[in-house]
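Participant: Here you go, query.cif (mmCIF, C-alpha atoms):
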```cif
data_final
#
loop_
_atom_site.group_PDB
_atom_site.id
_atom_site.type_symbol
_atom_site.label_atom_id
_atom_site.label_comp_id
_atom_site.auth_asym_id
_atom_site.auth_seq_id
_atom_site.Cartn_x
_atom_site.Cartn_y
_atom_site.Cartn_z
ATOM 1 C CA MET A 279 -29.096 17.095 3.683
ATOM 2 C CA ALA A 280 -28.100 19.718 6.235
ATOM 3 C CA PHE A 281 -29.465 23.259 5.964
ATOM 4 C CA THR A 282 -27.913 26.508 7.065
ATOM 5 C CA ALA A 283 -30.036 29.641 7.487
ATOM 6 C CA SER A 284 -28.837 30.683 4.026
ATOM 7 C CA ASP A 285 -29.934 27.365 2.517
ATOM 8 C CA LEU A 286 -33.361 27.660 4.077
ATOM 9 C CA ALA A 287 -33.669 31.214 2.754
ATOM 10 C CA GLN A 288 -33.003 29.884 -0.772
ATOM 11 C CA VAL A 289 -35.731 27.218 -0.775
ATOM 12 C CA ARG A 290 -38.155 28.004 -3.599
ATOM 13 C CA PHE A 291 -40.833 26.395 -5.739
ATOM 14 C CA VAL A 292 -40.639 25.932 -9.494
ATOM 15 C CA VAL A 293 -43.183 24.818 -12.079
ATOM 16 C CA SER A 294 -41.045 23.074 -14.687
ATOM 17 C CA PRO A 295 -42.223 21.630 -18.034
ATOM 18 C CA SER A 296 -39.073 19.527 -18.387
ATOM 19 C CA TRP A 297 -39.767 17.702 -15.113
ATOM 20 C CA GLU A 298 -43.032 16.420 -16.613
ATOM 21 C CA VAL A 299 -41.390 15.153 -19.816
ATOM 22 C CA VAL A 300 -39.393 12.183 -18.480
ATOM 23 C CA PRO A 301 -41.963 10.520 -16.172
ATOM 24 C CA SER A 302 -44.805 11.023 -18.652
ATOM 25 C CA PHE A 303 -42.715 9.564 -21.502
ATOM 26 C CA ARG A 304 -41.746 6.618 -19.293
ATOM 27 C CA LEU A 305 -45.408 5.966 -18.527
ATOM 28 C CA LEU A 306 -46.405 6.050 -22.185
ATOM 29 C CA THR A 307 -43.626 3.779 -23.441
ATOM 30 C CA SER A 308 -44.148 1.263 -20.644
ATOM 31 C CA GLY A 309 -47.490 0.315 -22.191
ATOM 32 C CA ALA A 310 -48.877 -0.199 -18.689
ATOM 33 C CA SER A 311 -52.255 1.029 -17.561
ATOM 34 C CA HIS A 312 -52.344 3.709 -14.888
ATOM 35 C CA PRO A 313 -55.094 4.336 -12.330
ATOM 36 C CA VAL A 314 -54.863 8.131 -12.734
ATOM 37 C CA HIS A 315 -53.330 8.883 -16.122
ATOM 38 C CA GLY A 316 -55.138 6.179 -18.118
ATOM 39 C CA PRO A 317 -57.461 8.560 -20.026
ATOM 40 C CA TRP A 318 -54.515 10.772 -21.030
ATOM 41 C CA ALA A 319 -52.349 7.798 -22.030
ATOM 42 C CA GLU A 320 -55.091 6.319 -24.232
ATOM 43 C CA GLN A 321 -55.285 9.573 -26.175
ATOM 44 C CA VAL A 322 -51.546 10.205 -26.466
ATOM 45 C CA ARG A 323 -50.006 6.745 -27.054
ATOM 46 C CA PRO A 324 -51.236 6.436 -30.670
ATOM 47 C CA ARG A 325 -49.803 9.898 -31.455
ATOM 48 C CA LEU A 326 -46.497 8.959 -29.859
ATOM 49 C CA ARG A 327 -46.170 5.844 -32.029
ATOM 50 C CA ALA A 328 -47.327 7.612 -35.187
ATOM 51 C CA ALA A 329 -44.628 10.246 -34.675
ATOM 52 C CA GLY A 330 -41.986 7.566 -34.101
ATOM 53 C CA LEU A 331 -41.054 9.035 -30.724
ATOM 54 C CA ASP A 332 -41.101 5.593 -29.121
ATOM 55 C CA ARG A 333 -38.030 4.763 -31.251
ATOM 56 C CA GLY A 334 -36.059 8.004 -31.012
ATOM 57 C CA TRP A 335 -33.604 9.812 -28.764
ATOM 58 C CA LEU A 336 -35.890 9.874 -25.734
ATOM 59 C CA ALA A 337 -36.501 6.141 -26.023
ATOM 60 C CA GLU A 338 -32.755 5.534 -25.621
ATOM 61 C CA LEU A 339 -32.385 8.066 -22.808
ATOM 62 C CA VAL A 340 -35.421 7.106 -20.734
ATOM 63 C CA GLY A 341 -35.590 3.456 -19.761
ATOM 64 C CA SER A 342 -38.506 1.711 -18.102
ATOM 65 C CA SER A 343 -36.928 2.458 -14.715
ATOM 66 C CA GLY A 344 -33.756 3.703 -13.109
ATOM 67 C CA TYR A 345 -31.402 6.560 -13.841
ATOM 68 C CA VAL A 346 -32.200 9.361 -16.296
ATOM 69 C CA PRO A 347 -29.410 11.749 -17.392
ATOM 70 C CA ASP A 348 -29.407 14.943 -15.367
ATOM 71 C CA PHE A 349 -28.986 17.203 -18.391
ATOM 72 C CA LEU A 350 -32.616 16.443 -19.332
ATOM 73 C CA ASN A 351 -33.645 18.425 -16.239
ATOM 74 C CA PRO A 352 -31.560 21.617 -16.286
ATOM 75 C CA ALA A 353 -31.774 23.924 -13.282
ATOM 76 C CA PRO A 354 -34.786 26.222 -13.932
ATOM 77 C CA ALA A 355 -33.851 29.885 -14.239
ATOM 78 C CA GLY A 356 -37.065 31.208 -12.672
ATOM 79 C CA PRO A 357 -40.277 30.159 -10.918
ATOM 80 C CA ALA A 358 -42.045 29.087 -14.124
ATOM 81 C CA PRO A 359 -39.651 28.835 -17.074
ATOM 82 C CA ALA A 360 -41.133 28.714 -20.566
ATOM 83 C CA PRO A 361 -40.760 25.373 -22.340
ATOM 84 C CA ALA A 362 -38.528 26.957 -25.010
ATOM 85 C CA ALA A 363 -36.125 28.165 -22.317
ATOM 86 C CA GLU A 364 -35.801 24.647 -20.922
ATOM 87 C CA TRP A 365 -35.187 23.122 -24.340
ATOM 88 C CA GLU A 366 -32.519 25.778 -24.954
ATOM 89 C CA ALA A 367 -30.876 24.882 -21.635
ATOM 90 C CA ILE A 368 -30.696 21.235 -22.765
ATOM 91 C CA THR A 369 -29.048 22.348 -26.018
ATOM 92 C CA ASP A 370 -26.512 24.416 -24.049
ATOM 93 C CA SER A 371 -25.530 21.583 -21.691
ATOM 94 C CA PRO A 372 -21.714 21.442 -21.278
ATOM 95 C CA ALA A 373 -20.182 18.589 -23.272
ATOM 96 C CA ASP A 374 -18.259 17.170 -20.306
ATOM 97 C CA ARG A 375 -21.433 17.036 -18.218
ATOM 98 C CA VAL A 376 -23.340 15.269 -20.988
ATOM 99 C CA ARG A 377 -20.586 12.658 -21.269
ATOM 100 C CA GLN A 378 -20.530 12.124 -17.491
ATOM 101 C CA ASP A 379 -24.273 11.557 -17.465
ATOM 102 C CA LEU A 380 -24.103 9.172 -20.413
ATOM 103 C CA ASP A 381 -21.267 7.221 -18.768
ATOM 104 C CA HIS A 382 -23.468 6.884 -15.692
ATOM 105 C CA LEU A 383 -26.376 5.736 -17.870
ATOM 106 C CA ALA A 384 -24.163 3.170 -19.610
ATOM 107 C CA ARG A 385 -23.240 1.670 -16.234
ATOM 108 C CA HIS A 386 -26.947 1.265 -15.477
ATOM 109 C CA GLN A 387 -28.004 -0.036 -18.901
ATOM 110 C CA GLY A 388 -24.888 -1.991 -19.807
ATOM 111 C CA ARG A 389 -24.276 -0.012 -22.997
ATOM 112 C CA LEU A 390 -25.371 3.041 -24.967
ATOM 113 C CA GLY A 391 -27.607 2.811 -28.005
ATOM 114 C CA PRO A 392 -26.471 4.088 -31.413
ATOM 115 C CA ARG A 393 -27.886 7.582 -31.004
ATOM 116 C CA LEU A 394 -26.434 8.030 -27.522
ATOM 117 C CA SER A 395 -23.050 6.761 -28.709
ATOM 118 C CA ARG A 396 -23.041 9.559 -31.281
ATOM 119 C CA LEU A 397 -24.161 12.034 -28.644
ATOM 120 C CA HIS A 398 -21.329 10.925 -26.347
ATOM 121 C CA ALA A 399 -18.785 11.343 -29.125
ATOM 122 C CA ASP A 400 -19.905 14.867 -30.061
ATOM 123 C CA PRO A 401 -22.504 16.458 -27.747
ATOM 124 C CA PRO A 402 -22.636 19.896 -29.449
ATOM 125 C CA ALA A 403 -23.433 18.265 -32.789
ATOM 126 C CA HIS A 404 -26.466 16.336 -31.485
ATOM 127 C CA LEU A 405 -27.939 18.175 -28.491
ATOM 128 C CA ALA A 406 -30.010 20.503 -30.683
ATOM 129 C CA ARG A 407 -31.599 17.508 -32.410
ATOM 130 C CA LEU A 408 -32.390 15.921 -29.052
ATOM 131 C CA ALA A 409 -33.923 19.179 -27.829
ATOM 132 C CA ARG A 410 -36.103 19.346 -30.950
ATOM 133 C CA GLU A 411 -37.382 15.853 -30.237
ATOM 134 C CA VAL A 412 -38.167 16.850 -26.644
ATOM 135 C CA GLU A 413 -40.045 19.857 -28.014
ATOM 136 C CA THR A 414 -41.960 17.643 -30.444
ATOM 137 C CA TYR A 415 -42.921 15.341 -27.596
ATOM 138 C CA TRP A 416 -44.030 18.323 -25.525
ATOM 139 C CA GLU A 417 -46.260 19.669 -28.297
ATOM 140 C CA LEU A 418 -47.764 16.251 -28.926
ATOM 141 C CA ALA A 419 -48.228 14.887 -25.412
ATOM 142 C CA LEU A 420 -48.241 17.700 -22.861
ATOM 143 C CA ALA A 421 -48.839 21.152 -24.345
ATOM 144 C CA PRO A 422 -52.495 20.472 -25.290
ATOM 145 C CA TYR A 423 -53.146 19.508 -21.663
ATOM 146 C CA TRP A 424 -50.906 22.083 -19.994
ATOM 147 C CA ALA A 425 -53.677 24.466 -18.880
ATOM 148 C CA ARG A 426 -55.306 21.604 -17.001
ATOM 149 C CA ILE A 427 -51.997 20.358 -15.568
ATOM 150 C CA ARG A 428 -50.917 23.859 -14.614
ATOM 151 C CA ALA A 429 -54.149 24.406 -12.675
ATOM 152 C CA VAL A 430 -53.299 21.399 -10.467
ATOM 153 C CA LEU A 431 -49.706 22.577 -9.989
ATOM 154 C CA ASP A 432 -50.798 26.118 -9.109
ATOM 155 C CA ALA A 433 -53.329 24.792 -6.595
ATOM 156 C CA ASP A 434 -50.550 22.772 -4.973
ATOM 157 C CA LEU A 435 -48.330 25.866 -4.749
ATOM 158 C CA LEU A 436 -51.165 27.856 -3.174
ATOM 159 C CA HIS A 437 -51.599 25.156 -0.536
ATOM 160 C CA ARG A 438 -47.842 25.051 0.193
ATOM 161 C CA ALA A 439 -47.657 28.839 0.424
ATOM 162 C CA ARG A 440 -50.465 28.840 2.959
ATOM 163 C CA THR A 441 -48.702 26.120 4.951
ATOM 164 C CA ILE A 442 -45.551 28.245 5.159
ATOM 165 C CA ALA A 443 -47.545 31.329 6.140
ATOM 166 C CA GLU A 444 -49.477 29.557 8.890
ATOM 167 C CA HIS A 445 -46.994 26.952 10.171
ATOM 168 C CA GLY A 446 -43.515 27.706 8.804
ATOM 169 C CA ALA A 447 -41.031 25.977 6.499
ATOM 170 C CA GLY A 448 -40.562 22.973 8.813
ATOM 171 C CA ARG A 449 -44.197 21.933 8.448
ATOM 172 C CA LEU A 450 -43.966 22.464 4.698
ATOM 173 C CA LEU A 451 -40.995 20.109 4.326
ATOM 174 C CA ASN A 452 -42.532 17.490 6.608
ATOM 175 C CA ASP A 453 -45.758 17.517 4.568
ATOM 176 C CA LEU A 454 -44.201 17.104 1.119
ATOM 177 C CA HIS A 455 -44.154 13.302 1.071
ATOM 178 C CA THR A 456 -44.218 10.350 3.437
ATOM 179 C CA SER A 457 -40.549 9.627 2.669
ATOM 180 C CA VAL A 458 -39.412 13.178 3.536
ATOM 181 C CA SER A 459 -38.830 14.443 7.049
ATOM 182 C CA TRP A 460 -37.369 17.620 8.532
ATOM 183 C CA VAL A 461 -35.488 17.071 11.792
ATOM 184 C CA ASP A 462 -32.845 19.257 13.468
ATOM 185 C CA ASP A 463 -32.118 21.455 10.454
ATOM 186 C CA THR A 464 -31.716 18.382 8.254
ATOM 187 C CA LEU A 465 -33.869 17.108 5.399
ATOM 188 C CA ARG A 466 -33.993 13.319 5.323
ATOM 189 C CA LEU A 467 -35.137 11.247 2.331
ATOM 190 C CA GLU A 468 -35.870 7.597 2.977
ATOM 191 C CA ARG A 469 -35.029 4.963 0.364
ATOM 192 C CA ARG A 470 -32.728 7.254 -1.634
ATOM 193 C CA LYS A 471 -29.775 5.155 -2.777
ATOM 194 C CA ARG A 472 -27.174 7.895 -2.422
ATOM 195 C CA ASP A 473 -26.555 10.538 0.230
ATOM 196 C CA MET A 474 -27.081 14.220 -0.563
ATOM 197 C CA PRO A 475 -24.337 15.979 1.398
ATOM 198 C CA ARG A 476 -24.277 19.758 1.132
ATOM 199 C CA GLU A 477 -20.723 19.879 -0.185
ATOM 200 C CA SER A 478 -21.769 17.991 -3.317
ATOM 201 C CA SER A 479 -25.246 19.365 -3.891
ATOM 202 C CA GLY A 480 -25.208 23.154 -4.137
ATOM 203 C CA ALA A 481 -27.026 25.738 -2.007
ATOM 204 C CA GLY A 482 -30.733 26.008 -1.243
ATOM 205 C CA LEU A 483 -33.385 23.641 -2.602
ATOM 206 C CA LEU A 484 -35.796 23.700 -5.555
ATOM 207 C CA LEU A 485 -39.162 22.077 -4.865
ATOM 208 C CA ILE A 486 -40.986 21.020 -8.025
ATOM 209 C CA PRO A 487 -44.615 19.839 -7.917
ATOM 210 C CA SER A 488 -45.373 17.305 -10.634
ATOM 211 C CA VAL A 489 -48.437 15.421 -11.824
ATOM 212 C CA PHE A 490 -46.460 12.576 -13.431
ATOM 213 C CA THR A 491 -43.847 12.078 -10.719
ATOM 214 C CA GLY A 492 -45.178 9.606 -8.259
ATOM 215 C CA PRO A 493 -45.918 7.881 -6.116
ATOM 216 C CA GLY A 494 -42.278 8.415 -5.165
ATOM 217 C CA LEU A 495 -39.900 11.345 -5.451
ATOM 218 C CA ARG A 496 -37.328 12.287 -8.083
ATOM 219 C CA THR A 497 -34.145 14.183 -7.289
ATOM 220 C CA ARG A 498 -31.362 15.883 -9.189
ATOM 221 C CA VAL A 499 -28.116 16.723 -7.404
ATOM 222 C CA ARG A 500 -25.468 18.376 -9.537
ATOM 223 C CA PRO A 501 -23.345 21.199 -8.097
ATOM 224 C CA PRO A 502 -23.119 24.116 -8.433
ATOM 225 C CA ASP A 503 -26.855 23.963 -9.213
ATOM 226 C CA PRO A 504 -29.206 23.846 -6.232
ATOM 227 C CA PRO A 505 -30.573 20.359 -5.560
ATOM 228 C CA GLN A 506 -33.965 19.691 -7.118
ATOM 229 C CA LEU A 507 -36.715 17.597 -5.578
ATOM 230 C CA ALA A 508 -39.819 16.746 -7.607
ATOM 231 C CA TYR A 509 -42.787 15.534 -5.581
ATOM 232 C CA PRO A 510 -46.361 14.440 -6.441
ATOM 233 C CA ALA A 511 -48.675 17.449 -6.563
ATOM 234 C CA ARG A 512 -51.846 17.468 -4.507
ATOM 235 C CA GLY A 513 -54.987 16.934 -6.566
ATOM 236 C CA THR A 514 -53.327 14.839 -9.272
ATOM 237 C CA GLY A 515 -55.918 12.099 -8.702
ATOM 238 C CA THR A 516 -58.676 14.346 -10.100
ATOM 239 C CA LEU A 517 -56.678 15.628 -13.074
ATOM 240 C CA TRP A 518 -58.428 13.682 -15.836
ATOM 241 C CA GLN A 519 -61.872 13.333 -14.322
ATOM 242 C CA ALA A 520 -64.651 14.452 -16.654
ATOM 243 C CA ARG A 521 -65.871 17.920 -15.778
ATOM 244 C CA PRO A 522 -69.506 18.986 -16.002
ATOM 245 C CA ALA A 523 -70.251 21.543 -18.688
ATOM 246 C CA VAL A 524 -70.974 24.277 -16.177
ATOM 247 C CA GLY A 525 -71.572 27.746 -17.535
ATOM 248 C CA ALA A 526 -72.479 26.615 -21.047
ATOM 249 C CA ALA A 527 -76.052 27.894 -20.952
ATOM 250 C CA ALA A 528 -74.984 31.297 -19.665
ATOM 251 C CA LEU A 529 -72.199 31.668 -22.227
ATOM 252 C CA ALA A 530 -74.193 30.688 -25.318
ATOM 253 C CA PRO A 531 -75.937 34.103 -25.669
ATOM 254 C CA VAL A 532 -72.514 35.792 -25.452
ATOM 255 C CA LEU A 533 -70.246 33.535 -27.509
ATOM 256 C CA GLY A 534 -72.879 31.919 -29.678
ATOM 257 C CA ARG A 535 -74.192 28.378 -29.456
ATOM 258 C CA SER A 536 -71.640 26.828 -31.837
ATOM 259 C CA ARG A 537 -68.591 28.341 -30.153
ATOM 260 C CA THR A 538 -69.873 27.487 -26.694
ATOM 261 C CA LEU A 539 -70.541 23.901 -27.786
ATOM 262 C CA LEU A 540 -66.964 23.605 -29.035
ATOM 263 C CA LEU A 541 -65.572 24.899 -25.740
ATOM 264 C CA VAL A 542 -67.591 22.276 -23.892
ATOM 265 C CA GLU A 543 -66.381 19.517 -26.231
ATOM 266 C CA LEU A 544 -62.774 20.572 -25.660
ATOM 267 C CA ASP A 545 -62.750 19.119 -22.175
ATOM 268 C CA ALA A 546 -60.115 16.937 -23.881
ATOM 269 C CA PRO A 547 -57.998 18.251 -26.804
ATOM 270 C CA ALA A 548 -59.352 17.366 -30.243
ATOM 271 C CA SER A 549 -58.825 18.025 -33.943
ATOM 272 C CA THR A 550 -61.161 19.936 -36.256
ATOM 273 C CA THR A 551 -62.336 16.690 -37.864
ATOM 274 C CA GLU A 552 -63.086 15.066 -34.511
ATOM 275 C CA LEU A 553 -64.980 18.129 -33.273
ATOM 276 C CA ALA A 554 -67.050 18.236 -36.460
ATOM 277 C CA ARG A 555 -67.959 14.562 -35.998
ATOM 278 C CA ARG A 556 -68.935 15.070 -32.345
ATOM 279 C CA THR A 557 -70.974 18.242 -32.791
ATOM 280 C CA GLY A 558 -72.536 17.641 -36.218
ATOM 281 C CA GLN A 559 -71.144 20.930 -37.509
ATOM 282 C CA SER A 560 -69.299 21.194 -40.802
ATOM 283 C CA ALA A 561 -65.489 21.085 -40.699
ATOM 284 C CA ALA A 562 -65.400 24.572 -42.234
ATOM 285 C CA GLY A 563 -67.764 25.914 -39.576
ATOM 286 C CA VAL A 564 -65.746 24.329 -36.781
ATOM 287 C CA SER A 565 -62.536 25.799 -38.211
ATOM 288 C CA GLN A 566 -64.074 29.267 -38.364
ATOM 289 C CA CYS A 567 -65.287 29.069 -34.765
ATOM 290 C CA LEU A 568 -61.938 27.759 -33.530
ATOM 291 C CA THR A 569 -60.138 30.626 -35.238
ATOM 292 C CA ALA A 570 -62.373 33.117 -33.434
ATOM 293 C CA LEU A 571 -61.915 31.350 -30.089
ATOM 294 C CA ARG A 572 -58.153 31.225 -30.586
ATOM 295 C CA THR A 573 -58.032 34.939 -31.417
ATOM 296 C CA ALA A 574 -59.918 35.615 -28.186
ATOM 297 C CA GLY A 575 -57.395 33.574 -26.182
ATOM 298 C CA LEU A 576 -59.884 30.843 -25.269
ATOM 299 C CA VAL A 577 -58.353 28.062 -27.384
ATOM 300 C CA SER A 578 -54.766 27.052 -28.152
ATOM 301 C CA ALA A 579 -53.507 25.002 -31.111
ATOM 302 C CA HIS A 580 -50.831 22.294 -30.971
ATOM 303 C CA ARG A 581 -49.417 20.269 -33.862
ATOM 304 C CA ALA A 582 -49.464 16.493 -33.407
ATOM 305 C CA GLY A 583 -47.965 14.970 -36.531
ATOM 306 C CA ARG A 584 -50.200 15.883 -39.468
ATOM 307 C CA ALA A 585 -53.083 16.932 -37.241
ATOM 308 C CA VAL A 586 -53.594 20.052 -35.128
ATOM 309 C CA LEU A 587 -55.097 19.581 -31.686
ATOM 310 C CA TYR A 588 -57.130 22.342 -30.099
ATOM 311 C CA ALA A 589 -57.389 22.751 -26.342
ATOM 312 C CA ARG A 590 -59.109 25.063 -23.898
ATOM 313 C CA THR A 591 -56.844 27.651 -22.331
ATOM 314 C CA ALA A 592 -56.758 28.611 -18.664
ATOM 315 C CA ALA A 593 -58.837 31.679 -19.581
ATOM 316 C CA ALA A 594 -61.558 29.439 -21.049
ATOM 317 C CA GLU A 595 -61.577 27.253 -17.935
ATOM 318 C CA THR A 596 -61.961 30.376 -15.776
ATOM 319 C CA LEU A 597 -64.737 31.695 -18.006
ATOM 320 C CA LEU A 598 -66.712 28.447 -17.818
ATOM 321 C CA ARG A 599 -66.400 28.367 -14.028
ATOM 322 C CA ALA A 600 -67.353 32.026 -13.676
ATOM 323 C CA ALA A 601 -70.483 31.520 -15.781
ATOM 324 C CA SER A 602 -71.663 28.525 -13.759
ATOM 325 C CA PRO A 603 -74.729 29.027 -11.562
#
```
For this file, write the structure as structure tokens.
Facilitator:
Amino acid sequence: MAFTASDLAQVRFVVSPSWEVVPSFRLLTSGASHPVHGPWAEQVRPRLRAAGLDRGWLAELVGSSGYVPDFLNPAPAGPAPAPAAEWEAITDSPADRVRQDLDHLARHQGRLGPRLSRLHADPPAHLARLAREVETYWELALAPYWARIRAVLDADLLHRARTIAEHGAGRLLNDLHTSVSWVDDTLRLERRKRDMPRESSGAGLLLIPSVFTGPGLRTRVRPPDPPQLAYPARGTGTLWQARPAVGAAALAPVLGRSRTLLLVELDAPASTTELARRTGQSAAGVSQCLTALRTAGLVSAHRAGRAVLYARTAAAETLLRAASP
């Protein structure tokens, strides 16, 4: 992919929730173990099956490998679009583009399933339902963990920004991935099946760090949108490692022992019932503490079927680190 000075000036980074949806869903439905994401998959797979998401729209759209329709990854409007904005962009996908993507998918899969056949026949009538399923998947599988994921993505962006500041954009592009190289104003991607000529790919380039994309790269080329390149974020290997309960002793006199204990236990998202079982507190007491922590912005709540999962927010993670000796 050749770059003009204008193209290079339009290279930017994006943190995109939708780019985590497809590869994470593919991992879960494959049933395979994963050396990095195993702890997350063990927690989320039962919820996925209980919600029937392994038999829905996403299951027909996202196969075990190969092509995924481009309209599932709309061009992000800003550097960190809200999930709701990305689901709305899916709903607003032009009908002709949806049909083109589904035709491409049918060539890969051999045929379209019943839901996708209906979607092909009348995209406006079914895109909202698909977007709601994507949102349900997000709330169940990714939102409770987003503060932790976002910390890895932000650390990657900080590293890339420093690389640009100290060494320039050429070093940045050469360091993205072993299959990417920057030579003579041209970005080269090894092992990509199709070329990415400028005349068919839009201006600039969106670089999207991802914890679930990998070990390879994922691309989206659909003019007039800028081309998108999702690459494995640095630090993904440590994402699900257990973290020591630093800062707990210092926080207990401030937050109270029960609330501090719950924050420590929320190293992984959990329900009220599970937290009561782990801590020995009553369910009513746990609920009261969680309400106070949520009001203070230290805990977030996410519906997963009939249960509600609670998770530490980025503010809680910062507070625990700040209180550590």
Participant: At a cut-off of 7 Å from (-36.9, 13.4, -19.4) in the coordinates of the file, what residues are picked up using all atoms listed in the file, written as a ChimeraX atom specification?
Facilitator: /A:296-297,299-301,340,346,350-351
Participant: Once the PyMOL selection byres ((chain A and resi 582) around 10) is applied to the coordinates I shared, what remains selected? I want it as a PyMOL selection string.
Facilitator: chain A and resi 322+325-326+328-329+414-419+422+549+579-581+583-587
Participant: Centre and edge lengths of an axis-aligned box around all listed atoms of range 563-577 of chain A, with 5 Å added on each side, are to be given in Å to one decimal, as AutoDock Vina command-line options.
Facilitator:
```
--center_x -62.6 --center_y 30.0 --center_z -32.4 --size_x 20.4 --size_y 21.3 --size_z 24.3
```
Participant: Under the rule that all atoms listed in the file are counted, which of A:Pro295, A:Gly515, A:Pro502, A:Pro510 is the nearest residue to Pro361 in chain A?
Facilitator: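 The shortest atom-to-atom distance to Pro361 in chain A comes from A:Pro295.
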Participant: Nearest residue to Val376 in chain A out of A:Ala360, A:Arg396, A:Leu431, A:Arg537, using all atoms listed in the file?
Facilitator: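 Counting all atoms listed in the file, the residue closest to Val376 in chain A is A:Arg396.
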Participant: What does the structure give for the distance between CA of Ile442 in chain A and CA of Leu484 in chain A, in Å to one decimal?
Facilitator: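 According to the coordinates, CA of Ile442 in chain A and CA of Leu484 in chain A are separated by 15.2 Å.
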Participant: Separation of CA of Thr591 in chain A and CA of Pro487 in chain A, in Å?
Facilitator: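 Here the two named atoms are 20.5 Å from each other.
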Participant: Could you check which of A:Ala443, A:Val430, A:Ala601, A:Leu436 is closest to Val532 in chain A, using all atoms listed in the file?
Facilitator: A:Ala601
Participant: Name the residues captured by the PyMOL selection byres ((chain A and resi 391) around 12) when it is applied to the shown file; answer as a PyMOL selection string.
Facilitator: chain A and resi 333-341+380+383-384+387-390+392-398
Participant: Name the residues that the PyMOL selection byres ((chain A and resi 497) around 7) pulls out of this structure, and write them as a ChimeraX atom specification.
Facilitator: /A:495-496,498-499,506-508
Participant: Which residue, A:Phe291, A:Phe281, A:Trp318, A:Tyr345, has the smallest gap to Ala358 in chain A when you use only C-alpha atoms?
Facilitator: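 Smallest distance to Ala358 in chain A is found for A:Phe291.
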Participant: Measure the distance from CA of Ile427 in chain A to CA of Asp545 in chain A in Å and round it to one decimal.
Facilitator: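 Interatomic distance here is 12.7 Å.
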Participant: What's around Pro505 in chain A at 9 Å? Count only C-alpha atoms, leave out sequence neighbours fewer than 4 positions away in its own chain, and write the answer as a list in words.
Facilitator: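 Close residues of Pro505 in chain A: Ala353, Met474, Ser479, Gly480, Ala481, Gly482, Leu483, Leu484, Leu485, Thr497, Arg498, Val499, Arg500 and Pro501 of chain A.
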Participant: Which residue gives the smallest distance to Arg512 in chain A among A:Pro317, A:Gly448, A:Pro352, A:Pro493, with all atoms listed in the file counted?
Facilitator: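 Of all the options, A:Pro493 lies closest to Arg512 in chain A.
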Participant: Taking the point (-42.0, 2.3, -16.3) as given in the file, collect each protein or nucleic acid residue that comes within 7 Å of it, counting all atoms listed in the file, and present the set as a PDB file with C-alpha atoms, in the frame of the given file.
Facilitator:
```
ATOM      1  CA  ARG A 304     -41.746   6.618 -19.293  1.00  0.00           C
ATOM      2  CA  LEU A 305     -45.408   5.966 -18.527  1.00  0.00           C
ATOM      3  CA  SER A 308     -44.148   1.263 -20.644  1.00  0.00           C
ATOM      4  CA  SER A 342     -38.506   1.711 -18.102  1.00  0.00           C
ATOM      5  CA  SER A 343     -36.928   2.458 -14.715  1.00  0.00           C
TER       6      SER A 343
END
```
